[in-house]
file final02.csv (CSV, C-alpha atoms)
chain,number,residue,atom,x,y,z
A,1,MET,CA,-94.8,-4.3,-94.2
A,2,LYS,CA,-95.3,-4.1,-90.4
A,3,ASP,CA,-96.4,-1.0,-88.6
A,4,VAL,CA,-95.2,0.2,-85.2
A,5,LYS,CA,-98.5,-0.8,-83.7
A,6,ASP,CA,-97.8,-4.4,-84.7
A,7,TYR,CA,-94.9,-4.4,-82.2
A,8,ILE,CA,-96.8,-2.9,-79.2
A,9,ARG,CA,-98.1,-5.4,-76.7
A,10,SER,CA,-101.5,-4.8,-75.1
A,11,ILE,CA,-101.9,-6.0,-71.5
A,12,PRO,CA,-105.5,-6.0,-70.2
A,13,ASN,CA,-106.4,-5.0,-66.7
A,14,PHE,CA,-103.0,-3.3,-65.9
A,15,PRO,CA,-102.3,-1.3,-63.8
A,16,LYS,CA,-106.0,-1.7,-62.8
A,17,GLU,CA,-109.1,-3.5,-63.8
A,18,GLY,CA,-110.6,-2.2,-67.1
A,19,VAL,CA,-107.3,-0.5,-68.3
A,20,ILE,CA,-105.4,-1.8,-71.3
A,21,PHE,CA,-101.7,-1.1,-70.9
A,22,ARG,CA,-99.8,-0.3,-74.1
A,23,ASP,CA,-96.4,-1.8,-73.6
A,24,ILE,CA,-93.6,-0.4,-75.8
A,25,THR,CA,-90.9,-2.7,-74.4
A,26,THR,CA,-91.8,-5.1,-77.2
A,27,VAL,CA,-91.0,-2.4,-79.7
A,28,ILE,CA,-87.6,-1.7,-78.3
A,29,GLN,CA,-86.6,-5.3,-77.8
A,30,ASN,CA,-87.2,-6.1,-81.4
A,31,PRO,CA,-84.6,-4.6,-83.8
A,32,GLU,CA,-87.0,-4.1,-86.6
A,33,GLY,CA,-89.7,-2.6,-84.4
A,34,PHE,CA,-87.2,-0.2,-82.7
A,35,LYS,CA,-85.8,0.9,-86.0
A,36,LEU,CA,-89.2,1.4,-87.5
A,37,ALA,CA,-90.4,3.5,-84.4
A,38,VAL,CA,-87.3,5.7,-84.5
A,39,ASP,CA,-87.6,6.2,-88.3
A,40,LYS,CA,-91.3,7.1,-88.0
A,41,LEU,CA,-90.6,9.6,-85.2
A,42,GLN,CA,-87.7,11.1,-87.1
A,43,GLU,CA,-89.9,11.5,-90.2
A,44,CYS,CA,-92.2,13.7,-88.1
A,45,LEU,CA,-89.2,16.1,-87.7
A,46,GLU,CA,-88.6,16.6,-91.4
A,47,GLY,CA,-88.6,20.3,-92.0
A,48,VAL,CA,-88.8,21.2,-88.3
A,49,ASP,CA,-86.3,23.9,-87.2
A,50,PHE,CA,-85.1,22.9,-83.7
A,51,ASP,CA,-82.0,23.1,-81.6
A,52,VAL,CA,-82.4,20.5,-78.9
A,53,ILE,CA,-84.5,17.5,-77.8
A,54,ALA,CA,-86.0,17.5,-74.3
A,55,ALA,CA,-86.6,13.8,-73.3
A,56,ALA,CA,-89.0,12.8,-70.6
A,57,GLU,CA,-87.8,10.1,-68.1
A,58,ALA,CA,-87.4,7.3,-68.8
A,59,ARG,CA,-88.8,5.9,-72.1
A,60,GLY,CA,-88.5,9.3,-73.8
A,61,PHE,CA,-84.7,8.9,-73.3
A,62,ILE,CA,-84.8,5.7,-75.4
A,63,PHE,CA,-86.4,7.3,-78.4
A,64,ALA,CA,-84.8,10.7,-78.2
A,65,SER,CA,-81.2,9.3,-78.2
A,66,PRO,CA,-81.0,7.8,-81.7
A,67,ILE,CA,-83.0,10.7,-83.2
A,68,ALA,CA,-80.6,13.2,-81.6
A,69,TYR,CA,-77.6,11.2,-82.8
A,70,ASN,CA,-79.0,10.9,-86.3
A,71,MET,CA,-79.8,14.6,-86.5
A,72,SER,CA,-76.7,15.9,-84.7
A,73,LYS,CA,-78.7,17.5,-81.8
A,74,GLY,CA,-78.2,17.5,-78.1
A,75,ILE,CA,-80.6,16.1,-75.5
A,76,SER,CA,-81.8,17.8,-72.3
A,77,LEU,CA,-83.2,15.5,-69.7
A,78,VAL,CA,-86.6,15.9,-67.9
A,79,ARG,CA,-86.3,13.8,-64.7
A,80,LYS,CA,-88.2,13.1,-61.6
A,81,LYS,CA,-87.3,15.4,-58.7
A,82,GLY,CA,-84.1,14.7,-57.0
A,83,LYS,CA,-82.4,12.8,-59.8
A,84,LEU,CA,-80.3,15.6,-61.4
A,85,PRO,CA,-77.1,16.7,-59.7
A,86,CYS,CA,-76.7,20.4,-60.5
A,87,ASP,CA,-79.0,23.5,-60.2
A,88,THR,CA,-82.5,22.7,-61.4
A,89,VAL,CA,-85.8,24.2,-62.2
A,90,GLU,CA,-88.9,22.2,-61.2
A,91,GLN,CA,-92.5,21.8,-62.2
A,92,SER,CA,-95.2,19.9,-60.3
A,93,TYR,CA,-98.3,18.5,-61.8
A,94,ASP,CA,-101.3,16.4,-60.8
A,95,LEU,CA,-101.7,12.7,-61.4
A,96,GLU,CA,-104.8,10.6,-61.2
A,97,TYR,CA,-104.1,9.8,-57.5
A,98,GLY,CA,-101.7,12.5,-56.3
A,99,SER,CA,-99.0,14.7,-57.8
A,100,ALA,CA,-95.4,14.5,-59.2
A,101,THR,CA,-92.6,16.9,-59.8
A,102,VAL,CA,-90.1,16.9,-62.7
A,103,GLU,CA,-86.9,18.9,-63.1
A,104,MET,CA,-84.4,20.0,-65.7
A,105,HIS,CA,-80.9,21.5,-65.2
A,106,THR,CA,-81.0,25.3,-65.4
A,107,ASP,CA,-78.3,25.2,-68.1
A,108,SER,CA,-79.9,22.5,-70.2
A,109,ILE,CA,-82.0,24.9,-72.3
A,110,LYS,CA,-80.7,28.3,-73.4
A,111,PRO,CA,-83.0,31.3,-74.0
A,112,GLY,CA,-84.4,31.2,-77.5
A,113,ASP,CA,-83.7,27.4,-78.0
A,114,LYS,CA,-86.3,25.7,-80.2
A,115,VAL,CA,-87.1,22.4,-78.4
A,116,VAL,CA,-88.8,19.2,-79.4
A,117,LEU,CA,-90.2,17.2,-76.4
A,118,VAL,CA,-90.0,13.4,-76.8
A,119,ASP,CA,-91.8,10.7,-74.7
A,120,ASP,CA,-93.2,7.3,-75.4
A,121,LEU,CA,-96.9,8.1,-74.8
A,122,ILE,CA,-99.5,10.8,-74.3
A,123,ALA,CA,-102.2,9.8,-71.9
A,124,THR,CA,-103.5,12.7,-69.7
A,125,GLY,CA,-100.7,15.0,-70.9
A,126,GLY,CA,-99.5,15.9,-67.4
A,127,THR,CA,-95.8,14.9,-67.7
A,128,LEU,CA,-95.5,16.6,-71.1
A,129,GLU,CA,-97.3,19.7,-70.0
A,130,ALA,CA,-94.9,20.0,-67.0
A,131,ALA,CA,-91.9,19.4,-69.3
A,132,ALA,CA,-93.2,22.1,-71.7
A,133,LYS,CA,-93.5,24.6,-68.7
A,134,LEU,CA,-89.9,23.8,-67.7
A,135,VAL,CA,-88.6,24.5,-71.2
A,136,GLU,CA,-90.5,27.8,-71.2
A,137,LYS,CA,-89.3,28.7,-67.7
A,138,LEU,CA,-85.8,28.3,-69.1
A,139,GLY,CA,-86.6,30.6,-72.1
A,140,GLY,CA,-87.0,27.9,-74.7
A,141,GLU,CA,-89.8,27.4,-77.2
A,142,VAL,CA,-91.5,24.1,-77.6
A,143,VAL,CA,-91.8,23.6,-81.4
A,144,MET,CA,-93.1,20.0,-81.2
A,145,VAL,CA,-94.3,17.3,-78.8
A,146,LEU,CA,-93.4,13.9,-80.3
A,147,CYS,CA,-94.6,10.5,-79.0
A,148,ILE,CA,-95.0,7.0,-80.2
A,149,VAL,CA,-98.5,6.4,-78.7
A,150,GLU,CA,-101.5,8.6,-78.0
A,151,LEU,CA,-104.6,7.6,-76.0
A,152,PRO,CA,-107.1,10.2,-77.2
A,153,ALA,CA,-109.8,9.2,-74.7
A,154,LEU,CA,-107.6,10.5,-71.9
A,155,LYS,CA,-107.6,14.0,-73.5
A,156,GLY,CA,-103.9,14.7,-73.2
A,157,ARG,CA,-104.0,16.6,-76.5
A,158,GLU,CA,-106.6,19.0,-74.9
A,159,ARG,CA,-104.2,19.6,-72.0
A,160,LEU,CA,-101.4,20.3,-74.4
A,161,LYS,CA,-103.6,22.7,-76.6
A,162,GLY,CA,-101.4,25.2,-78.4
A,163,TYR,CA,-98.5,22.8,-78.9
A,164,ASN,CA,-97.7,21.1,-82.2
A,165,ILE,CA,-98.3,17.4,-81.3
A,166,LYS,CA,-97.2,14.4,-83.5
A,167,THR,CA,-97.8,10.8,-82.6
A,168,ILE,CA,-97.5,7.7,-84.8
A,169,VAL,CA,-100.0,5.2,-83.1
A,170,GLU,CA,-103.4,5.9,-81.6
A,171,TYR,CA,-105.6,3.7,-79.4
A,172,ASP,CA,-109.2,4.2,-78.7
A,173,GLY,CA,-110.2,3.9,-75.1
A,174,ASP,CA,-107.8,4.0,-72.2
call {"tool": "encode", "arguments": {"input": "final02.csv", "output": "structure tokens"}}
result
Amino acid sequence: MKDVKDYIRSIPNFPKEGVIFRDITTVIQNPEGFKLAVDKLQECLEGVDFDVIAAAEARGFIFASPIAYNMSKGISLVRKKGKLPCDTVEQSYDLEYGSATVEMHTDSIKPGDKVVLVDDLIATGGTLEAAAKLVEKLGGEVVMVLCIVELPALKGRERLKGYNIKTIVEYDGD
């Protein structure tokens, strides 16, 4: 039986020399790979008490949607600044070469909501840390951070210390 890792394409020297890019488009374009990935992520949520999934733009949307549907949960979007049409709360964070800002609608998380954050990959952890801070600003509690891929060498888990993190594929190196 195949594993999710079998569907992930590795692209050397992208986006820069010495980096191996872990491409999940080959997971989602393959029906068996996509089903396997969603099933594995959903298994991580067995026994987890939560109210809503907060999905990080854009690949987090892909994986959060079928899980939310299967589990009868709603989805709150974490988007790049300027992409949401109503009142928002924002959080900036540092990138390797600069900074970025993400936002959520102010009514997307209610005080006391138990939230699962979903994205495709944990690298340095910046996006997920910012998303977690947004959830907390809105009065929610992050009960799990859930991703397909983790790159432990980039220390994202350290940045997300204190959160319950589940991933289904790990790659050594960056």
call {"tool": "closest_residue", "arguments": {"input": "final02.csv", "among": "A:Lys83, A:Val4, A:Ala56, A:Lys166", "to": "Thr25 in chain A", "atoms": "only C-alpha atoms"}}
result
A:Val4
call {"tool": "residues_around", "arguments": {"input": "final02.csv", "residues": "Ala37 in chain A", "least_positions_apart": "5", "cutoff": "9 Å", "atoms": "all atoms listed in the file", "output": "PDB file with C-alpha atoms, in the frame of the given file"}}
result
ATOM      1  CA  ASP A   3     -96.400  -1.000 -88.600  1.00  0.00           C
ATOM      2  CA  VAL A   4     -95.200   0.200 -85.200  1.00  0.00           C
ATOM      3  CA  VAL A  27     -91.000  -2.400 -79.700  1.00  0.00           C
ATOM      4  CA  ILE A  28     -87.600  -1.700 -78.300  1.00  0.00           C
ATOM      5  CA  GLU A  32     -87.000  -4.100 -86.600  1.00  0.00           C
ATOM      6  CA  GLN A  42     -87.700  11.100 -87.100  1.00  0.00           C
ATOM      7  CA  PHE A  63     -86.400   7.300 -78.400  1.00  0.00           C
ATOM      8  CA  ILE A 148     -95.000   7.000 -80.200  1.00  0.00           C
ATOM      9  CA  ILE A 168     -97.500   7.700 -84.800  1.00  0.00           C
TER      10      ILE A 168
END
call {"tool": "closest_residue", "arguments": {"input": "final02.csv", "among": "A:Val38, A:Ala132, A:Met104, A:Ile67", "to": "Lys80 in chain A", "atoms": "all atoms listed in the file"}}
result
A:Met104
call {"tool": "closest_residue", "arguments": {"input": "final02.csv", "among": "A:Leu117, A:Ile62, A:Ala54, A:Ile122", "to": "Leu154 in chain A", "atoms": "only C-alpha atoms"}}
result
A:Ile122
call {"tool": "closest_residue", "arguments": {"input": "final02.csv", "among": "A:Lys133, A:Lys5, A:Lys35, A:Arg157", "to": "Val78 in chain A", "atoms": "all atoms listed in the file"}}
result
A:Lys133
call {"tool": "residues_around", "arguments": {"input": "final02.csv", "residues": "Tyr163 in chain A", "least_positions_apart": "3", "cutoff": "7 Å", "atoms": "only C-alpha atoms", "output": "number ranges by chain"}}
result
A: 144-145, 160
call {"tool": "residues_around", "arguments": {"input": "final02.csv", "residues": "Gly82 in chain A", "least_positions_apart": "6", "cutoff": "10 Å", "atoms": "all atoms listed in the file", "output": "ChimeraX atom specification"}}
result
/A:88,90,101-103
call {"tool": "closest_residue", "arguments": {"input": "final02.csv", "among": "A:Asp113, A:Glu96, A:Glu129, A:Asp119", "to": "Val52 in chain A", "atoms": "all atoms listed in the file"}}
result
A:Asp113
call {"tool": "closest_residue", "arguments": {"input": "final02.csv", "among": "A:Thr106, A:Val115, A:Val48, A:Lys16", "to": "Cys86 in chain A", "atoms": "all atoms listed in the file"}}
result
A:Thr106
call {"tool": "residues_around", "arguments": {"input": "final02.csv", "residues": "Ser10 in chain A", "least_positions_apart": "4", "cutoff": "7 Å", "atoms": "all atoms listed in the file", "output": "PyMOL selection string"}}
result
chain A and resi 20-23
call {"tool": "decode", "arguments": {"input": "final02.csv", "residues": "range 16-27 of chain A", "atoms": "N, CA and C atoms", "output": "PDB file, in the first residue's frame"}}
result
ATOM      1  N   LYS A  16      15.507  28.033  -4.496  1.00  0.00           N
ATOM      2  CA  LYS A  16      16.892  28.480  -4.639  1.00  0.00           C
ATOM      3  C   LYS A  16      17.822  27.274  -4.554  1.00  0.00           C
ATOM      4  N   GLU A  17      19.030  27.479  -4.975  1.00  0.00           N
ATOM      5  CA  GLU A  17      20.049  26.436  -4.984  1.00  0.00           C
ATOM      6  C   GLU A  17      20.185  25.796  -3.599  1.00  0.00           C
ATOM      7  N   GLY A  18      20.198  24.464  -3.568  1.00  0.00           N
ATOM      8  CA  GLY A  18      20.390  23.736  -2.326  1.00  0.00           C
ATOM      9  C   GLY A  18      19.115  23.370  -1.589  1.00  0.00           C
ATOM     10  N   VAL A  19      17.978  23.913  -2.017  1.00  0.00           N
ATOM     11  CA  VAL A  19      16.692  23.620  -1.381  1.00  0.00           C
ATOM     12  C   VAL A  19      15.982  22.535  -2.187  1.00  0.00           C
ATOM     13  N   ILE A  20      15.359  21.610  -1.487  1.00  0.00           N
ATOM     14  CA  ILE A  20      14.508  20.620  -2.140  1.00  0.00           C
ATOM     15  C   ILE A  20      13.068  20.979  -1.816  1.00  0.00           C
ATOM     16  N   PHE A  21      12.314  21.371  -2.830  1.00  0.00           N
ATOM     17  CA  PHE A  21      10.922  21.774  -2.668  1.00  0.00           C
ATOM     18  C   PHE A  21      10.043  20.533  -2.611  1.00  0.00           C
ATOM     19  N   ARG A  22       9.187  20.438  -1.601  1.00  0.00           N
ATOM     20  CA  ARG A  22       8.272  19.310  -1.453  1.00  0.00           C
ATOM     21  C   ARG A  22       6.917  19.725  -2.015  1.00  0.00           C
ATOM     22  N   ASP A  23       6.606  19.229  -3.198  1.00  0.00           N
ATOM     23  CA  ASP A  23       5.451  19.657  -3.976  1.00  0.00           C
ATOM     24  C   ASP A  23       4.257  18.743  -3.731  1.00  0.00           C
ATOM     25  N   ILE A  24       3.205  19.288  -3.125  1.00  0.00           N
ATOM     26  CA  ILE A  24       2.016  18.481  -2.821  1.00  0.00           C
ATOM     27  C   ILE A  24       0.998  18.516  -3.962  1.00  0.00           C
ATOM     28  N   THR A  25       1.274  19.244  -5.045  1.00  0.00           N
ATOM     29  CA  THR A  25       0.317  19.241  -6.161  1.00  0.00           C
ATOM     30  C   THR A  25       0.158  17.844  -6.743  1.00  0.00           C
ATOM     31  N   THR A  26       1.198  17.034  -6.645  1.00  0.00           N
ATOM     32  CA  THR A  26       1.106  15.663  -7.143  1.00  0.00           C
ATOM     33  C   THR A  26       0.254  14.789  -6.225  1.00  0.00           C
ATOM     34  N   VAL A  27       0.079  15.205  -4.984  1.00  0.00           N
ATOM     35  CA  VAL A  27      -0.833  14.505  -4.069  1.00  0.00           C
ATOM     36  C   VAL A  27      -2.274  14.807  -4.463  1.00  0.00           C
TER      37      VAL A  27
END
